[in-house]
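*Asks:* mmCIF, C-alpha atoms, pLDDT in the B column; chains and numbers go by the auth columns, file entry01.cif:
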```
data_structure
#
loop_
_atom_site.group_PDB
_atom_site.id
_atom_site.type_symbol
_atom_site.label_atom_id
_atom_site.label_comp_id
_atom_site.label_asym_id
_atom_site.label_seq_id
_atom_site.Cartn_x
_atom_site.Cartn_y
_atom_site.Cartn_z
_atom_site.B_iso_or_equiv
_atom_site.auth_seq_id
_atom_site.auth_asym_id
ATOM 1 C CA MET A 1 -45.725 -12.507 8.514 42.00 1 A
ATOM 2 C CA THR A 2 -48.800 -11.584 6.503 49.00 2 A
ATOM 3 C CA LEU A 3 -52.178 -12.571 7.877 47.00 3 A
ATOM 4 C CA CYS A 4 -55.047 -13.325 5.534 49.00 4 A
ATOM 5 C CA SER A 5 -58.762 -13.279 6.139 49.00 5 A
ATOM 6 C CA PRO A 6 -60.804 -16.462 5.565 51.00 6 A
ATOM 7 C CA ASP A 7 -61.446 -15.392 1.959 57.00 7 A
ATOM 8 C CA GLY A 8 -57.693 -15.029 1.310 55.00 8 A
ATOM 9 C CA ALA A 9 -57.515 -11.225 1.318 58.00 9 A
ATOM 10 C CA VAL A 10 -54.597 -9.624 3.102 58.00 10 A
ATOM 11 C CA MET A 11 -55.745 -8.067 6.390 53.00 11 A
ATOM 12 C CA PRO A 12 -54.829 -4.453 7.159 57.00 12 A
ATOM 13 C CA ARG A 13 -52.062 -3.955 9.706 55.00 13 A
ATOM 14 C CA SER A 14 -54.464 -2.034 12.006 56.00 14 A
ATOM 15 C CA ILE A 15 -56.593 -5.151 12.391 54.00 15 A
ATOM 16 C CA VAL A 16 -53.566 -7.367 12.953 48.00 16 A
ATOM 17 C CA ALA A 17 -52.426 -5.019 15.749 57.00 17 A
ATOM 18 C CA PHE A 18 -55.363 -6.079 17.952 62.00 18 A
ATOM 19 C CA SER A 19 -54.061 -8.131 20.808 73.00 19 A
ATOM 20 C CA HIS A 20 -54.919 -8.768 24.419 77.00 20 A
ATOM 21 C CA GLN A 21 -52.114 -6.423 25.423 82.00 21 A
ATOM 22 C CA THR A 22 -53.484 -3.545 23.371 85.00 22 A
ATOM 23 C CA LEU A 23 -57.177 -4.119 24.049 89.00 23 A
ATOM 24 C CA THR A 24 -57.041 -4.819 27.795 91.00 24 A
ATOM 25 C CA PRO A 25 -56.062 -1.264 28.857 92.00 25 A
ATOM 26 C CA HIS A 26 -58.950 0.155 26.830 93.00 26 A
ATOM 27 C CA ILE A 27 -61.391 -2.244 28.483 95.00 27 A
ATOM 28 C CA VAL A 28 -60.029 -1.531 31.966 95.00 28 A
ATOM 29 C CA ARG A 29 -60.225 2.224 31.391 96.00 29 A
ATOM 30 C CA ARG A 30 -63.857 2.002 30.284 97.00 30 A
ATOM 31 C CA GLN A 31 -64.754 -0.316 33.183 98.00 31 A
ATOM 32 C CA ALA A 32 -63.249 2.194 35.615 98.00 32 A
ATOM 33 C CA ALA A 33 -65.174 5.050 34.001 97.00 33 A
ATOM 34 C CA LEU A 34 -68.387 3.013 34.205 98.00 34 A
ATOM 35 C CA ALA A 35 -67.800 2.174 37.874 98.00 35 A
ATOM 36 C CA ALA A 36 -67.145 5.852 38.620 98.00 36 A
ATOM 37 C CA LEU A 37 -70.382 6.885 36.879 98.00 37 A
ATOM 38 C CA GLU A 38 -72.346 4.214 38.754 97.00 38 A
ATOM 39 C CA ALA A 39 -70.882 5.341 42.089 97.00 39 A
ATOM 40 C CA GLU A 40 -71.631 8.975 41.265 97.00 40 A
ATOM 41 C CA MET A 41 -75.232 8.168 40.367 97.00 41 A
ATOM 42 C CA ILE A 42 -75.726 6.065 43.498 95.00 42 A
ATOM 43 C CA ALA A 43 -74.332 8.876 45.656 95.00 43 A
ATOM 44 C CA ALA A 44 -76.651 11.385 43.994 95.00 44 A
ATOM 45 C CA CYS A 45 -79.652 9.097 44.517 94.00 45 A
ATOM 46 C CA GLU A 46 -78.751 8.536 48.160 92.00 46 A
ATOM 47 C CA THR A 47 -78.334 12.273 48.692 92.00 47 A
ATOM 48 C CA ALA A 48 -81.758 12.895 47.189 90.00 48 A
ATOM 49 C CA ALA A 49 -83.317 10.115 49.240 89.00 49 A
ATOM 50 C CA LEU A 50 -81.880 11.337 52.527 87.00 50 A
ATOM 51 C CA ALA A 51 -82.200 15.087 51.895 81.00 51 A
ATOM 52 C CA SER A 52 -85.641 15.544 53.415 68.00 52 A
ATOM 53 C CA SER A 53 -85.454 13.050 56.241 63.00 53 A
ATOM 54 C CA VAL A 54 -83.404 12.042 59.216 60.00 54 A
ATOM 55 C CA THR A 55 -83.318 8.456 57.990 58.00 55 A
ATOM 56 C CA ASP A 56 -80.269 6.332 58.642 60.00 56 A
ATOM 57 C CA ALA A 57 -77.842 6.180 55.702 63.00 57 A
ATOM 58 C CA ASN A 58 -78.035 2.372 55.910 66.00 58 A
ATOM 59 C CA CYS A 59 -80.420 1.545 53.073 66.00 59 A
ATOM 60 C CA GLU A 60 -81.600 -1.608 54.868 70.00 60 A
ATOM 61 C CA ARG A 61 -83.324 0.645 57.393 72.00 61 A
ATOM 62 C CA TRP A 62 -84.996 3.012 54.931 80.00 62 A
ATOM 63 C CA ASP A 63 -88.714 3.512 55.150 85.00 63 A
ATOM 64 C CA ARG A 64 -90.962 3.388 52.122 89.00 64 A
ATOM 65 C CA ALA A 65 -90.876 7.170 51.548 88.00 65 A
ATOM 66 C CA THR A 66 -87.061 7.219 51.517 87.00 66 A
ATOM 67 C CA LEU A 67 -86.953 4.328 49.092 89.00 67 A
ATOM 68 C CA HIS A 68 -89.436 6.098 46.823 92.00 68 A
ATOM 69 C CA ARG A 69 -87.277 9.262 46.850 91.00 69 A
ATOM 70 C CA TYR A 70 -84.255 7.141 45.929 92.00 70 A
ATOM 71 C CA LEU A 71 -86.085 5.507 43.034 94.00 71 A
ATOM 72 C CA ALA A 72 -87.510 8.840 41.854 96.00 72 A
ATOM 73 C CA ALA A 73 -84.002 10.300 41.825 96.00 73 A
ATOM 74 C CA ALA A 74 -82.717 7.267 39.915 96.00 74 A
ATOM 75 C CA MET A 75 -85.414 7.752 37.298 97.00 75 A
ATOM 76 C CA ARG A 76 -84.614 11.467 36.967 96.00 76 A
ATOM 77 C CA LEU A 77 -80.874 10.884 36.821 97.00 77 A
ATOM 78 C CA GLU A 78 -81.155 8.152 34.194 96.00 78 A
ATOM 79 C CA THR A 79 -81.293 10.853 31.528 96.00 79 A
ATOM 80 C CA VAL A 80 -78.019 12.276 32.845 95.00 80 A
ATOM 81 C CA TYR A 81 -76.080 9.068 33.489 97.00 81 A
ATOM 82 C CA GLY A 82 -77.864 6.477 31.363 97.00 82 A
ATOM 83 C CA PRO A 83 -76.566 7.394 27.906 97.00 83 A
ATOM 84 C CA ARG A 84 -72.931 7.515 29.048 97.00 84 A
ATOM 85 C CA MET A 85 -73.284 4.262 30.989 98.00 85 A
ATOM 86 C CA ARG A 86 -74.919 2.489 28.048 97.00 86 A
ATOM 87 C CA ARG A 87 -72.229 3.769 25.667 97.00 87 A
ATOM 88 C CA LEU A 88 -69.461 2.520 27.974 97.00 88 A
ATOM 89 C CA ARG A 89 -71.144 -0.891 28.337 97.00 89 A
ATOM 90 C CA GLN A 90 -71.469 -1.122 24.569 97.00 90 A
ATOM 91 C CA GLU A 91 -67.819 -0.182 24.037 96.00 91 A
ATOM 92 C CA ILE A 92 -66.689 -2.689 26.667 96.00 92 A
ATOM 93 C CA GLY A 93 -68.744 -5.400 24.963 95.00 93 A
ATOM 94 C CA GLN A 94 -67.301 -4.554 21.563 94.00 94 A
ATOM 95 C CA LEU A 95 -63.735 -4.612 22.868 92.00 95 A
ATOM 96 C CA GLU A 96 -64.338 -7.894 24.686 93.00 96 A
ATOM 97 C CA ARG A 97 -65.718 -9.409 21.474 91.00 97 A
ATOM 98 C CA LEU A 98 -62.615 -8.219 19.614 88.00 98 A
ATOM 99 C CA MET A 99 -60.505 -10.092 22.148 86.00 99 A
ATOM 100 C CA THR A 100 -62.258 -13.341 21.226 86.00 100 A
ATOM 101 C CA LEU A 101 -61.205 -13.075 17.579 81.00 101 A
ATOM 102 C CA PRO A 102 -58.456 -15.475 16.540 76.00 102 A
ATOM 103 C CA ILE A 103 -56.276 -12.534 15.468 69.00 103 A
ATOM 104 C CA ALA A 104 -56.399 -11.090 19.010 52.00 104 A
ATOM 105 C CA GLY A 105 -54.134 -13.764 20.418 52.00 105 A
#
```
Output the structure of this file as structure tokens.
*Replies:*
Amino acid sequence: MTLCSPDGAVMPRSIVAFSHQTLTPHIVRRQAALAALEAEMIAACETAALASSVTDANCERWDRATLHRYLAAAMRLETVYGPRMRRLRQEIGQLERLMTLPIAG
């Protein structure tokens, strides 16, 4: 079966190959990588926040100084983690949009 675009042109086989079965693993892999980066960044921020205090690890009991150290670490680490996290979110969004195309059925 040959698929045609709305203007009648024959669509390349690589585009026709997009399907939920082929796109889903790529999305899942990127979501897992994003979750791992987020967890790594959170752990690094918590380590920085708790490094110079004897504060409880439960963030609900943090004092203002501990919270400020956490936020300062998050701001510093954004340059390390931010670009990779943004790229993964963008790729996930693009793949999810591809899945909404009629040819991705």
*Asks:* Got a sec: who's within 10 Å of stretch 31-46 of chain A, counting all atoms listed in the file, leaving out chain neighbours fewer than 3 positions off, as an MDAnalysis selection string?
*Replies:* chainID A and resid 25:28 49:51 57:59 66:67 69:78 80:82 84:89 91:92
*Asks:* How many Å lie between atom CA of A:Arg29 and atom CA of A:Ala48, rounded to one decimal?
*Replies:*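 If I compute the distance from atom CA of A:Arg29 to atom CA of A:Ala48, I get 28.8 Å.
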*Asks:* State, in Å with one decimal place, the distance from atom CA of A:Thr22 to atom CA of A:Glu96.
*Replies:*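 Between these atoms lies a distance of 11.8 Å.
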*Asks:* Just the number, please: distance in Å from atom CA of A:Glu60 to atom CA of A:Pro83, one decimal.
*Replies:*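 Atom-to-atom, atom CA of A:Glu60 and atom CA of A:Pro83 are spaced 28.9 Å apart.
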*Asks:* Between A:Arg30, A:Ala65, A:Gln21, A:Thr47, which residue has the minimum interatomic distance to A:Gln94, considering only C-alpha atoms?
*Replies:*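 Of A:Arg30, A:Ala65, A:Gln21, A:Thr47, the one nearest A:Gln94, counting only C-alpha atoms, is A:Arg30.
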*Asks:* Restore N, CA, C and O atoms in stretch 83-103 of chain A and list the result as a PDB file, keeping the file's coordinate frame.
*Replies:*
```
ATOM      1  N   PRO A  83     -77.213   7.475  29.227  1.00 97.00           N
ATOM      2  CA  PRO A  83     -76.566   7.394  27.906  1.00 97.00           C
ATOM      3  C   PRO A  83     -75.068   7.112  27.989  1.00 97.00           C
ATOM      4  O   PRO A  83     -74.550   6.277  27.238  1.00 97.00           O
ATOM      5  N   ARG A  84     -74.371   7.758  28.914  1.00 97.00           N
ATOM      6  CA  ARG A  84     -72.931   7.515  29.048  1.00 97.00           C
ATOM      7  C   ARG A  84     -72.662   6.099  29.531  1.00 97.00           C
ATOM      8  O   ARG A  84     -71.732   5.435  29.061  1.00 97.00           O
ATOM      9  N   MET A  85     -73.479   5.617  30.465  1.00 98.00           N
ATOM     10  CA  MET A  85     -73.284   4.262  30.989  1.00 98.00           C
ATOM     11  C   MET A  85     -73.558   3.223  29.905  1.00 98.00           C
ATOM     12  O   MET A  85     -72.815   2.249  29.770  1.00 98.00           O
ATOM     13  N   ARG A  86     -74.612   3.426  29.132  1.00 97.00           N
ATOM     14  CA  ARG A  86     -74.919   2.489  28.048  1.00 97.00           C
ATOM     15  C   ARG A  86     -73.817   2.487  26.994  1.00 97.00           C
ATOM     16  O   ARG A  86     -73.426   1.431  26.482  1.00 97.00           O
ATOM     17  N   ARG A  87     -73.294   3.689  26.654  1.00 97.00           N
ATOM     18  CA  ARG A  87     -72.229   3.769  25.667  1.00 97.00           C
ATOM     19  C   ARG A  87     -70.987   3.024  26.161  1.00 97.00           C
ATOM     20  O   ARG A  87     -70.374   2.255  25.417  1.00 97.00           O
ATOM     21  N   LEU A  88     -70.630   3.216  27.421  1.00 97.00           N
ATOM     22  CA  LEU A  88     -69.461   2.520  27.974  1.00 97.00           C
ATOM     23  C   LEU A  88     -69.669   1.007  27.980  1.00 97.00           C
ATOM     24  O   LEU A  88     -68.760   0.249  27.624  1.00 97.00           O
ATOM     25  N   ARG A  89     -70.870   0.560  28.359  1.00 97.00           N
ATOM     26  CA  ARG A  89     -71.144  -0.891  28.337  1.00 97.00           C
ATOM     27  C   ARG A  89     -71.036  -1.451  26.927  1.00 97.00           C
ATOM     28  O   ARG A  89     -70.513  -2.540  26.710  1.00 97.00           O
ATOM     29  N   GLN A  90     -71.545  -0.686  25.961  1.00 97.00           N
ATOM     30  CA  GLN A  90     -71.469  -1.122  24.569  1.00 97.00           C
ATOM     31  C   GLN A  90     -70.016  -1.197  24.103  1.00 97.00           C
ATOM     32  O   GLN A  90     -69.610  -2.182  23.481  1.00 97.00           O
ATOM     33  N   GLU A  91     -69.220  -0.183  24.437  1.00 96.00           N
ATOM     34  CA  GLU A  91     -67.819  -0.182  24.037  1.00 96.00           C
ATOM     35  C   GLU A  91     -67.053  -1.330  24.704  1.00 96.00           C
ATOM     36  O   GLU A  91     -66.227  -1.976  24.060  1.00 96.00           O
ATOM     37  N   ILE A  92     -67.337  -1.576  25.971  1.00 96.00           N
ATOM     38  CA  ILE A  92     -66.689  -2.689  26.667  1.00 96.00           C
ATOM     39  C   ILE A  92     -67.039  -4.001  25.981  1.00 96.00           C
ATOM     40  O   ILE A  92     -66.174  -4.843  25.731  1.00 96.00           O
ATOM     41  N   GLY A  93     -68.308  -4.182  25.647  1.00 95.00           N
ATOM     42  CA  GLY A  93     -68.744  -5.400  24.963  1.00 95.00           C
ATOM     43  C   GLY A  93     -68.064  -5.571  23.616  1.00 95.00           C
ATOM     44  O   GLY A  93     -67.622  -6.677  23.259  1.00 95.00           O
ATOM     45  N   GLN A  94     -67.954  -4.476  22.874  1.00 94.00           N
ATOM     46  CA  GLN A  94     -67.301  -4.554  21.563  1.00 94.00           C
ATOM     47  C   GLN A  94     -65.827  -4.926  21.709  1.00 94.00           C
ATOM     48  O   GLN A  94     -65.310  -5.772  20.970  1.00 94.00           O
ATOM     49  N   LEU A  95     -65.154  -4.296  22.666  1.00 92.00           N
ATOM     50  CA  LEU A  95     -63.735  -4.612  22.868  1.00 92.00           C
ATOM     51  C   LEU A  95     -63.552  -6.045  23.351  1.00 92.00           C
ATOM     52  O   LEU A  95     -62.616  -6.733  22.927  1.00 92.00           O
ATOM     53  N   GLU A  96     -64.433  -6.502  24.217  1.00 93.00           N
ATOM     54  CA  GLU A  96     -64.338  -7.894  24.686  1.00 93.00           C
ATOM     55  C   GLU A  96     -64.578  -8.874  23.546  1.00 93.00           C
ATOM     56  O   GLU A  96     -63.932  -9.923  23.473  1.00 93.00           O
ATOM     57  N   ARG A  97     -65.498  -8.544  22.632  1.00 91.00           N
ATOM     58  CA  ARG A  97     -65.718  -9.409  21.474  1.00 91.00           C
ATOM     59  C   ARG A  97     -64.488  -9.418  20.559  1.00 91.00           C
ATOM     60  O   ARG A  97     -64.137 -10.456  19.991  1.00 91.00           O
ATOM     61  N   LEU A  98     -63.834  -8.263  20.423  1.00 88.00           N
ATOM     62  CA  LEU A  98     -62.615  -8.219  19.614  1.00 88.00           C
ATOM     63  C   LEU A  98     -61.543  -9.143  20.193  1.00 88.00           C
ATOM     64  O   LEU A  98     -60.772  -9.759  19.453  1.00 88.00           O
ATOM     65  N   MET A  99     -61.508  -9.236  21.519  1.00 86.00           N
ATOM     66  CA  MET A  99     -60.505 -10.092  22.148  1.00 86.00           C
ATOM     67  C   MET A  99     -60.744 -11.573  21.880  1.00 86.00           C
ATOM     68  O   MET A  99     -59.829 -12.393  22.007  1.00 86.00           O
ATOM     69  N   THR A 100     -61.971 -11.933  21.502  1.00 86.00           N
ATOM     70  CA  THR A 100     -62.258 -13.341  21.226  1.00 86.00           C
ATOM     71  C   THR A 100     -61.877 -13.734  19.795  1.00 86.00           C
ATOM     72  O   THR A 100     -61.875 -14.922  19.475  1.00 86.00           O
ATOM     73  N   LEU A 101     -61.577 -12.757  18.957  1.00 81.00           N
ATOM     74  CA  LEU A 101     -61.205 -13.075  17.579  1.00 81.00           C
ATOM     75  C   LEU A 101     -59.868 -13.815  17.549  1.00 81.00           C
ATOM     76  O   LEU A 101     -58.982 -13.537  18.373  1.00 81.00           O
ATOM     77  N   PRO A 102     -59.705 -14.715  16.613  1.00 76.00           N
ATOM     78  CA  PRO A 102     -58.456 -15.475  16.540  1.00 76.00           C
ATOM     79  C   PRO A 102     -57.229 -14.571  16.343  1.00 76.00           C
ATOM     80  O   PRO A 102     -56.147 -14.906  16.783  1.00 76.00           O
ATOM     81  N   ILE A 103     -57.411 -13.419  15.703  1.00 69.00           N
ATOM     82  CA  ILE A 103     -56.276 -12.534  15.468  1.00 69.00           C
ATOM     83  C   ILE A 103     -55.886 -11.751  16.714  1.00 69.00           C
ATOM     84  O   ILE A 103     -54.886 -11.062  16.724  1.00 69.00           O
TER      85      ILE A 103
END
```
